[in-house]
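Student: My questions all concern the structure below.
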Amino acid sequence: MPLTVVILAAGKGKRMRSNLPKVLQPLAGRPLLAHVLERARELEPSAIAVVHGHGAEAVREAFPDEVLGWCLQAEQLGTGHAVAQALPDIPDDHDVLILFGDVPLIRSETLRNLCAKLKSADLVLLTVTLKDPSGYGRIVRTADGGVAGIVEHADVTHEERLIREINAGVMVAAARDLRRWIAGLSNDNAQGEYYLPGVVALAVAEGARVAAVEVDDTDEVLGINDKSQLAEVERVHQRARARELMEAGATLADPARVDVRGEVTVEGEVFIDVGAVFEGDVTLAAGVRIGPNCTIRDSRLGPDTVVHPNTVMDGVTAGRACELGPFARLRPRTELAERVKVGNFVEIKNSQVGSGSKISHLSYVGDATVGRDVNIGAGTITANYDGAAKHRTTIGDGAAIGSGVMLIAPVEVGAGATIGAGSTISKDAPADRLTVARSRQVEVPGWQRPEKNSR
Ligand code: UD1
Ligand code: CA
């Protein structure tokens, strides 16, 4: 059967107390909905429909390139009403898998099992037994163990409150059946909403075969309704990422203090100290060591490169055995060859630095091409911006730039050149020569320091 996945994402998420629609709340740096969409895509369905409503524009804008069927639920009258918005566009012969935008850790393997069950059932739902079921819909079973229905937390009786098997929110059924059941829902309940789980009792009443698949891993079905649950799910997700890193060969100083907000590829044994945040696509070659409190985004670090504490990187490529930081800021299109040393309070952007070169302290290197074995002294700045355009600085192999040098781009320093400390270089400096561009030191004879009047 062709499969349509319907993702419910229209709710405001009142319990979040946030201006951001719930499904845009970040998990590992990406909206909750992005995680659910990823799981849905792994099933390779014929179509994915997203029911959205609260913050509709913001939600659509967050997924501009996705080939999604957007269904608007103008008023949020309940999860059953939400599904009803998507149904008219779904052909009768499709299976419909319903996912919740606020249940992001569900595994696609679990979803596949659920869909497979539809061969021998008319409605399949996912359940789990929780220590603390509060907030969730409870699965009510008959004496012989069959599913009788689902009762929402707001509607439970005293006895039902004690039921620990809950509705994970995920369901699958044929479009034609679902259409009939959804049409039969009423909103006669504590919240005055059309509850999707209400279809279970309607299916049972019809004599349809209702199957419940119970998952063992309670983490998979955690729903996010408030900030505590968001934080809890973030930790569960990060623990899994940390485990993957360790399986790939990373030694983590503390698996609870590494955050992966993207993809980290580890190519061998690496060491990662506490407080590391990885964003986007990061690759760490064998022998890389990351010191405490580093943020590394979209970067590739070569073998044996060491990153000292509090270094921030974005869009960096570093070769073998570089030494970066502490307190370095490396910005997009920074390309460091091998054994490059970048020390404290150095900012680099859009620059290539050749093998063995050193920029050890307090410098800004922007839009520059720096050769091999160049030494850039403390406090050197490439003045690359004239207020309108950026200009390049080129420094040849083996050049030595003294401390406190201003290189006013566009400018070129030849190979083997030496630039005297404190120079302001606005014209090209020739290779293999000493260039000094600073006013001479003078002594002023007879000068007297003014004195304050003592009144
Ligand atoms: C829901 C289930 C509950 C289940 C729990 C699992 C219902 C009535 N209850 O409760 O049985 O145990 O999830 O996490 O279904 N939404 C819409 N339109 C609406 C209302 C909600 O799109 O009109 C979306 C929300 O954005 C959310 C999802 O549906 O992504 C679930 O809604 P929520 O209000 O969080 O339901 P729960 O109270 O958690
Ligand atoms: Ca929920």
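Scheme for the structure tokens: letters A, B, ... for chains in order shown; per-chain residue numbers from 1; ligand numbers from 1 in order shown.
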Among range 127-294 of chain A, which residues carry a DSSP assignment of strand (DSSP E), reported as a ChimeraX atom specification?
Tutor: /A:127-129,138-141,147-151,165-174,210-214,250-252,258-266,270-272,276-284,289-290
Student: Neighbouring residues of range 404-407 of chain A were defined as those with any atom within 6 Å, considering only C-alpha atoms; residues of the same chain fewer than 6 positions away were excluded. Please report them as an MDAnalysis selection string.
Tutor: chainID A and resid 379:383 421:425
Student: Please produce a file of the residues just selected, as a PDB file, in the first residue's frame, where the atoms kept are N, CA and C atoms.
Tutor:
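Below you can see part.pdb, which holds the result:
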```pdb
ATOM      1  N   GLY A 379      49.884  41.401  18.055  1.00  0.00           N
ATOM      2  CA  GLY A 379      49.175  42.642  17.767  1.00  0.00           C
ATOM      3  C   GLY A 379      49.249  43.100  16.328  1.00  0.00           C
ATOM      4  N   THR A 380      49.448  42.187  15.406  1.00  0.00           N
ATOM      5  CA  THR A 380      49.476  42.578  13.995  1.00  0.00           C
ATOM      6  C   THR A 380      48.062  42.522  13.418  1.00  0.00           C
ATOM      7  N   ILE A 381      47.762  43.513  12.580  1.00  0.00           N
ATOM      8  CA  ILE A 381      46.410  43.587  12.024  1.00  0.00           C
ATOM      9  C   ILE A 381      46.446  43.780  10.524  1.00  0.00           C
ATOM     10  N   THR A 382      45.665  43.013   9.800  1.00  0.00           N
ATOM     11  CA  THR A 382      45.468  43.286   8.393  1.00  0.00           C
ATOM     12  C   THR A 382      44.277  44.227   8.322  1.00  0.00           C
ATOM     13  N   ALA A 383      44.528  45.458   7.867  1.00  0.00           N
ATOM     14  CA  ALA A 383      43.431  46.422   7.717  1.00  0.00           C
ATOM     15  C   ALA A 383      42.842  46.160   6.339  1.00  0.00           C
ATOM     16  N   ALA A 421      58.811  46.175  13.932  1.00  0.00           N
ATOM     17  CA  ALA A 421      57.678  46.307  14.850  1.00  0.00           C
ATOM     18  C   ALA A 421      57.083  47.701  14.749  1.00  0.00           C
ATOM     19  N   GLY A 422      55.806  47.796  14.928  1.00  0.00           N
ATOM     20  CA  GLY A 422      55.131  49.089  14.940  1.00  0.00           C
ATOM     21  C   GLY A 422      54.995  49.741  13.576  1.00  0.00           C
ATOM     22  N   SER A 423      55.317  49.042  12.512  1.00  0.00           N
ATOM     23  CA  SER A 423      55.224  49.642  11.178  1.00  0.00           C
ATOM     24  C   SER A 423      53.776  49.707  10.703  1.00  0.00           C
ATOM     25  N   THR A 424      53.512  50.746   9.906  1.00  0.00           N
ATOM     26  CA  THR A 424      52.235  50.818   9.198  1.00  0.00           C
ATOM     27  C   THR A 424      52.580  50.657   7.723  1.00  0.00           C
ATOM     28  N   ILE A 425      52.249  49.507   7.176  1.00  0.00           N
ATOM     29  CA  ILE A 425      52.702  49.155   5.826  1.00  0.00           C
ATOM     30  C   ILE A 425      51.556  49.393   4.846  1.00  0.00           C
TER      31      ILE A 425
END
```
Student: Please return as a PyMOL selection string the residues found within 6 Å of ligand 1, counting only C-alpha atoms and all ligand atoms.
Tutor: chain A and resi 8-11+51+76-79+82+100-102+136-137+152+166-169+195-197+223+225
Student: Nearest residue to Thr317 in chain A out of A:Asp144, A:Asp281, A:Glu206, A:Asp428, using only C-alpha atoms?
Tutor: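 Closest residue, counting only C-alpha atoms: A:Asp281.
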Student: For the atom pair CA of Ala175 in chain A and CA of Val140 in chain A, what is the interatomic distance in Å to one decimal place?
Tutor: 24.4 Å
Student: Any idea what's packed within 12 Å of Pro133 in chain A, counting only C-alpha atoms, ignoring anything in its chain fewer than 2 positions away? Could you give it as a list in words?
Tutor: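 Using only C-alpha atoms, the neighbours found are Thr127, Val128, Thr129, Leu130, Lys131, Gly135, Tyr136, Gly137, Arg138, Ile139, Glu152, His153, Val156, Glu160, Arg161, Leu162, Ile163, Arg164, Glu165, Ile166, Asn167, Ala168, Thr218, Val221, Leu222 and Gly223 of chain A.
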Student: Based on the selection just made, write C-alpha atoms of those residues as a compact mmCIF listing (two decimals), in the first residue's frame.
Tutor:
```
# COMPACT_ATOMS: atom_id res chain seq x y z
CA THR A 127 2.01 2.19 23.37
CA VAL A 128 4.56 2.17 26.15
CA THR A 129 4.46 1.54 29.87
CA LEU A 130 5.80 4.45 31.88
CA LYS A 131 6.68 4.76 35.57
CA GLY A 135 -0.17 13.83 31.12
CA TYR A 136 -0.54 11.00 28.63
CA GLY A 137 -3.63 9.23 27.28
CA ARG A 138 -4.12 5.86 29.07
CA ILE A 139 -4.70 2.60 27.20
CA GLU A 152 -7.06 11.30 28.02
CA HIS A 153 -5.35 12.39 31.22
CA VAL A 156 -9.51 9.70 33.57
CA GLU A 160 -7.87 4.78 35.03
CA ARG A 161 -5.39 7.26 36.47
CA LEU A 162 -3.37 4.27 37.74
CA ILE A 163 -2.97 2.74 34.25
CA ARG A 164 0.67 3.01 33.25
CA GLU A 165 0.37 1.89 29.65
CA ILE A 166 0.02 5.05 27.57
CA ASN A 167 -0.67 6.16 24.01
CA ALA A 168 2.54 7.31 22.30
CA THR A 218 10.49 4.58 26.87
CA VAL A 221 8.12 8.08 22.78
CA LEU A 222 8.77 10.97 25.15
CA GLY A 223 6.43 13.81 24.25
```
Student: Using only C-alpha atoms, which of A:Gly402, A:Gly343, A:Pro430, A:Pro2 sits nearest Ala415 in chain A?
Tutor: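 Of A:Gly402, A:Gly343, A:Pro430, A:Pro2, the one nearest Ala415 in chain A, counting only C-alpha atoms, is A:Pro430.
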Student: Distance CA of Ile359 in chain A-CA of Ala378 in chain A, one decimal place?
Tutor: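 Between CA of Ile359 in chain A and CA of Ala378 in chain A the gap is 7.6 Å.
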Student: Contacts of Ala40 in chain A at 10 Å or less, counting only C-alpha atoms, minus same-chain residues fewer than 4 places along, as a list in words?
Tutor: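 Listed by chain and then number, they are Thr4, Val5, Val6, Ile7, Ala34, His35, Val36, Glu44, Pro45, Ala47, Ile48, Leu97, Ile98, Leu99, Ile106, Arg107, Ser108 and Leu111 of chain A.
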Student: Between A:Pro91, A:Gly302, A:Gly262, A:Gly80, single out the one closest to Val199 in chain A, counting only C-alpha atoms.
Tutor: A:Gly80
Student: Could you give me, as a PyMOL selection string, the residues within 10 Å of Ala400 in chain A, counting only C-alpha atoms and dropping anything in the same chain fewer than 5 positions from it?
Tutor: chain A and resi 357-358+373-377+395+413+415-421+432+434
Student: Under the rule that only C-alpha atoms and all ligand atoms are counted, which of A:Ser134, A:Ser299, A:Thr311, A:Ser454 is the nearest residue to ligand 2?
Tutor: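 Checking each of A:Ser134, A:Ser299, A:Thr311, A:Ser454 against ligand 2, counting only C-alpha atoms and all ligand atoms, the winner is A:Ser134.
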Student: Report as a count of residues only all protein, DNA and RNA residues lying within 9 Å of Arg179 in chain A, evaluated on only C-alpha atoms, omitting residues in the same chain fewer than 3 positions from it.
Tutor: 10
Student: Using only C-alpha atoms and all ligand atoms, pick whichever of A:Ile401, A:Ala285, A:Val172, A:Ile224 has the shortest atom-to-atom distance to ligand 2.
Tutor: A:Ile224
Student: Just give me the gap between CA of Ala318 in chain A and CA of Val365 in chain A in Å, one decimal is fine.
Tutor: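 Between CA of Ala318 in chain A and CA of Val365 in chain A the gap works out to 15.6 Å.
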Student: Taking 3 positions as the minimum chain separation for residues in the same chain, which residues sit within 7 Å of Asp273 in chain A when counting only C-alpha atoms? Answer as a count of residues only.
Tutor: 6
Student: Would you please extract all helix (DSSP H, G or I) residues from range 83-215 of chain A, as assigned by DSSP on the backbone, and give them as a PyMOL selection string?
Tutor: chain A and resi 83-89+108-119+153-155+158-161+175-183+198-206
Student: Rank A:Asn113, A:Ser18, A:Gln229, A:Thr251 by their smallest atom-to-atom distance to ligand 2, using only C-alpha atoms and all ligand atoms, and report the top residue only.
Tutor: A:Gln229
